[in-house]
Amino acid sequence: MTADRYITPGERTVSGALALMMHLLFLALLVFGVSWQKREPVAMVAELWSNLPPLPAPRVEPPPKVEPKPKPAPRVEVKPAPKAEPKADIDLREKKEKERKAKEQALAEKKKREEQALVEKKKREEQARLEALKKQQAQEAEAKRAAQEQADALKKLAQQQAAAQASEVDKYKQLIADRIRRFIIEPPGLEGNPQVELDVTVLPGGEVLDVKSRKASGQPSWDAAVERAVRRAQPLPLPQDPTLHSRFRELNLRFRPKE
């Protein structure tokens, strides 16, 4: 941007006028100089002034009128008319658009099928898991029931065996008492029906290892007669089951004359 753009029209007029005046003055000086050289010199008369004449008042020019610059007209951009697209290009573009849509639709359908297959797979797996869990629970319940039945059967069998053993023990204790009683020789002069209580130690073969009186009857003759009968009755009868012999290791027997 140059300085000429900031000069107003009035300033241009003044500067033009001053330039013209300077050219005219220079021309007048040239003419005057040439004519002055051709004329004879004239005596110069000088006047002396006591006071200088007043200077002329400076000329005040009115400020130049600034006219507003006209606004430029809005530029209207003329768009070129759209170029007509050839029909072959249109057909190709439509064909590509159809292929794109068909491809997108195929992908969407494939994704939908895969999601549906995944849902069905999870459903089958869940159903199989539930069936396996149900089967496992049924097996556990059956095993528990069988174990309970077996435990009940074993308990019942143990009770039956215990009852049978108790019956067998009672049976042989009675056989032992009856055998000893057959060997008792009742002493004369017994009073009443005294009872003697003995602890008898028996070996596995039925032999008597020891006889001790736990509670005397108060009549020594009866106590001594019973102890002699225990020793004479050996071997004492024992059950054939060897597991029951421990039940006869220590016998507690009671005898009365009148039984």
# chains A, B, ... in the order shown; residues from 1 in each chain; ligands from 1

$ residues_around --residues "Leu175 of chain A" --least-positions-apart "2" --cutoff "12 Å" --atoms "only C-alpha atoms" --output "PyMOL selection string"
chain A and resi 168-173+177-182+233+235-239+253

$ write_last_selection --atoms "N, CA, C and O atoms" --output "compact mmCIF listing (two decimals), in the first residue's frame"
# COMPACT_ATOMS: atom_id res chain seq x y z
N GLU A 168 -27.03 -116.72 72.36
CA GLU A 168 -26.09 -117.83 72.45
C GLU A 168 -25.32 -117.79 73.77
O GLU A 168 -25.11 -118.84 74.42
N VAL A 169 -24.94 -116.58 74.19
CA VAL A 169 -24.22 -116.44 75.46
C VAL A 169 -25.11 -116.86 76.62
O VAL A 169 -24.69 -117.61 77.53
N ASP A 170 -26.36 -116.36 76.57
CA ASP A 170 -27.29 -116.75 77.65
C ASP A 170 -27.52 -118.26 77.66
O ASP A 170 -27.60 -118.90 78.73
N LYS A 171 -27.60 -118.83 76.49
CA LYS A 171 -27.83 -120.27 76.37
C LYS A 171 -26.69 -121.06 77.02
O LYS A 171 -26.91 -121.98 77.82
N TYR A 172 -25.45 -120.68 76.71
CA TYR A 172 -24.30 -121.42 77.24
C TYR A 172 -24.04 -121.11 78.70
O TYR A 172 -23.52 -121.97 79.44
N LYS A 173 -24.40 -119.91 79.13
CA LYS A 173 -24.29 -119.64 80.57
C LYS A 173 -25.25 -120.53 81.36
O LYS A 173 -24.90 -121.04 82.45
N ALA A 177 -24.22 -123.34 84.08
CA ALA A 177 -24.82 -123.39 85.42
C ALA A 177 -25.48 -124.75 85.67
O ALA A 177 -25.36 -125.33 86.78
N ASP A 178 -26.19 -125.30 84.65
CA ASP A 178 -26.84 -126.60 84.82
C ASP A 178 -25.80 -127.71 85.02
O ASP A 178 -26.00 -128.63 85.85
N ARG A 179 -24.67 -127.63 84.28
CA ARG A 179 -23.63 -128.67 84.42
C ARG A 179 -23.02 -128.60 85.83
O ARG A 179 -22.82 -129.65 86.48
N ILE A 180 -22.74 -127.38 86.31
CA ILE A 180 -22.15 -127.25 87.65
C ILE A 180 -23.13 -127.74 88.71
O ILE A 180 -22.75 -128.41 89.68
N ARG A 181 -24.42 -127.42 88.51
CA ARG A 181 -25.42 -127.82 89.51
C ARG A 181 -25.51 -129.35 89.62
O ARG A 181 -25.82 -129.88 90.70
N ARG A 182 -25.25 -130.05 88.56
CA ARG A 182 -25.32 -131.52 88.62
C ARG A 182 -24.18 -132.10 89.50
O ARG A 182 -24.27 -133.23 89.97
N ALA A 233 -16.90 -129.91 87.38
CA ALA A 233 -17.71 -129.85 86.14
C ALA A 233 -16.87 -129.54 84.90
O ALA A 233 -17.38 -129.68 83.78
N PRO A 235 -14.30 -129.94 81.78
CA PRO A 235 -14.41 -128.67 81.02
C PRO A 235 -15.85 -128.21 80.87
O PRO A 235 -16.74 -129.01 80.59
N LEU A 236 -16.02 -126.89 81.02
CA LEU A 236 -17.36 -126.30 80.92
C LEU A 236 -17.75 -126.16 79.45
O LEU A 236 -16.90 -125.96 78.58
N PRO A 237 -19.01 -126.32 79.16
CA PRO A 237 -19.45 -126.19 77.76
C PRO A 237 -19.33 -124.73 77.26
O PRO A 237 -19.75 -123.79 77.94
N LEU A 238 -18.72 -124.54 76.06
CA LEU A 238 -18.56 -123.21 75.44
C LEU A 238 -19.13 -123.24 74.03
O LEU A 238 -19.15 -124.31 73.38
N PRO A 239 -19.56 -122.12 73.51
CA PRO A 239 -20.10 -122.09 72.14
C PRO A 239 -19.01 -122.40 71.12
O PRO A 239 -17.82 -122.20 71.37
N LEU A 253 -21.36 -116.28 88.56
CA LEU A 253 -22.40 -117.30 88.74
C LEU A 253 -22.99 -117.21 90.14
O LEU A 253 -22.26 -116.93 91.11

$ residues_around --residues "Val200 of chain A" --least-positions-apart "2" --cutoff "10 Å" --atoms "only C-alpha atoms" --output "ChimeraX atom specification"
/A:197-198,202-203,208-214,227,230-231,248-253

$ select_by_dssp --residues "segment 127-210 of chain A" --states "alpha helix (DSSP H)" --output "number ranges by chain"
A: 127-182

$ closest_residue --among "A:Gln165, A:Ile176, A:Pro194, A:Arg113" --to "Thr243 of chain A" --atoms "only C-alpha atoms"
A:Gln165

$ closest_residue --among "A:Lys134, A:Arg124, A:Arg228, A:Lys98" --to "Ile185 of chain A" --atoms "only C-alpha atoms"
A:Arg228

$ atom_distance --atom1 "atom CA of Arg100 of chain A" --atom2 "atom CA of Ala117 of chain A"
25.5 Å

$ select_by_dssp --residues "segment 92-250 of chain A" --states "strand (DSSP E)" --output "list of chain:residue names"
A:Val196, A:Glu197, A:Leu198, A:Asp199, A:Val200, A:Thr201, A:Val202, A:Val208, A:Leu209, A:Asp210, A:Val211, A:Lys212, A:Ser213, A:Arg214, A:Lys215, A:Glu250

$ residues_around --residues "Gln195 of chain A" --least-positions-apart "2" --cutoff "7 Å" --atoms "only C-alpha atoms" --output "list in words"
Asn193, Glu197, Ser217, Arg254, Phe255 and Arg256 of chain A

$ atom_distance --atom1 "atom CA of Leu157 of chain A" --atom2 "atom CA of Ser246 of chain A"
20.9 Å

$ atom_distance --atom1 "atom CA of Ala224 of chain A" --atom2 "atom CA of Gly206 of chain A"
21.0 Å

$ decode --residues "segment 122-133 of chain A" --atoms "N, CA and C atoms" --output "compact mmCIF listing (two decimals), in the first residue's frame"
# COMPACT_ATOMS: atom_id res chain seq x y z
N LYS A 122 -25.89 -71.71 23.09
CA LYS A 122 -25.90 -71.47 24.54
C LYS A 122 -27.12 -72.12 25.19
N LYS A 123 -28.25 -72.08 24.48
CA LYS A 123 -29.47 -72.70 25.02
C LYS A 123 -29.29 -74.21 25.15
N ARG A 124 -28.70 -74.83 24.11
CA ARG A 124 -28.45 -76.27 24.17
C ARG A 124 -27.46 -76.62 25.28
N GLU A 125 -26.41 -75.81 25.40
CA GLU A 125 -25.43 -76.06 26.45
C GLU A 125 -26.05 -75.92 27.83
N GLU A 126 -26.91 -74.91 28.02
CA GLU A 126 -27.57 -74.74 29.30
C GLU A 126 -28.50 -75.90 29.60
N GLN A 127 -29.23 -76.35 28.54
CA GLN A 127 -30.12 -77.49 28.73
C GLN A 127 -29.33 -78.75 29.07
N ALA A 128 -28.20 -78.95 28.36
CA ALA A 128 -27.36 -80.11 28.66
C ALA A 128 -26.80 -80.03 30.08
N ARG A 129 -26.41 -78.81 30.49
CA ARG A 129 -25.89 -78.65 31.84
C ARG A 129 -26.95 -78.98 32.88
N LEU A 130 -28.17 -78.50 32.65
CA LEU A 130 -29.25 -78.77 33.59
C LEU A 130 -29.57 -80.26 33.64
N GLU A 131 -29.57 -80.91 32.47
CA GLU A 131 -29.84 -82.35 32.44
C GLU A 131 -28.74 -83.12 33.16
N ALA A 132 -27.47 -82.70 32.92
CA ALA A 132 -26.36 -83.37 33.62
C ALA A 132 -26.45 -83.16 35.13
N LEU A 133 -26.82 -81.92 35.52
CA LEU A 133 -26.98 -81.64 36.94
C LEU A 133 -28.11 -82.46 37.54
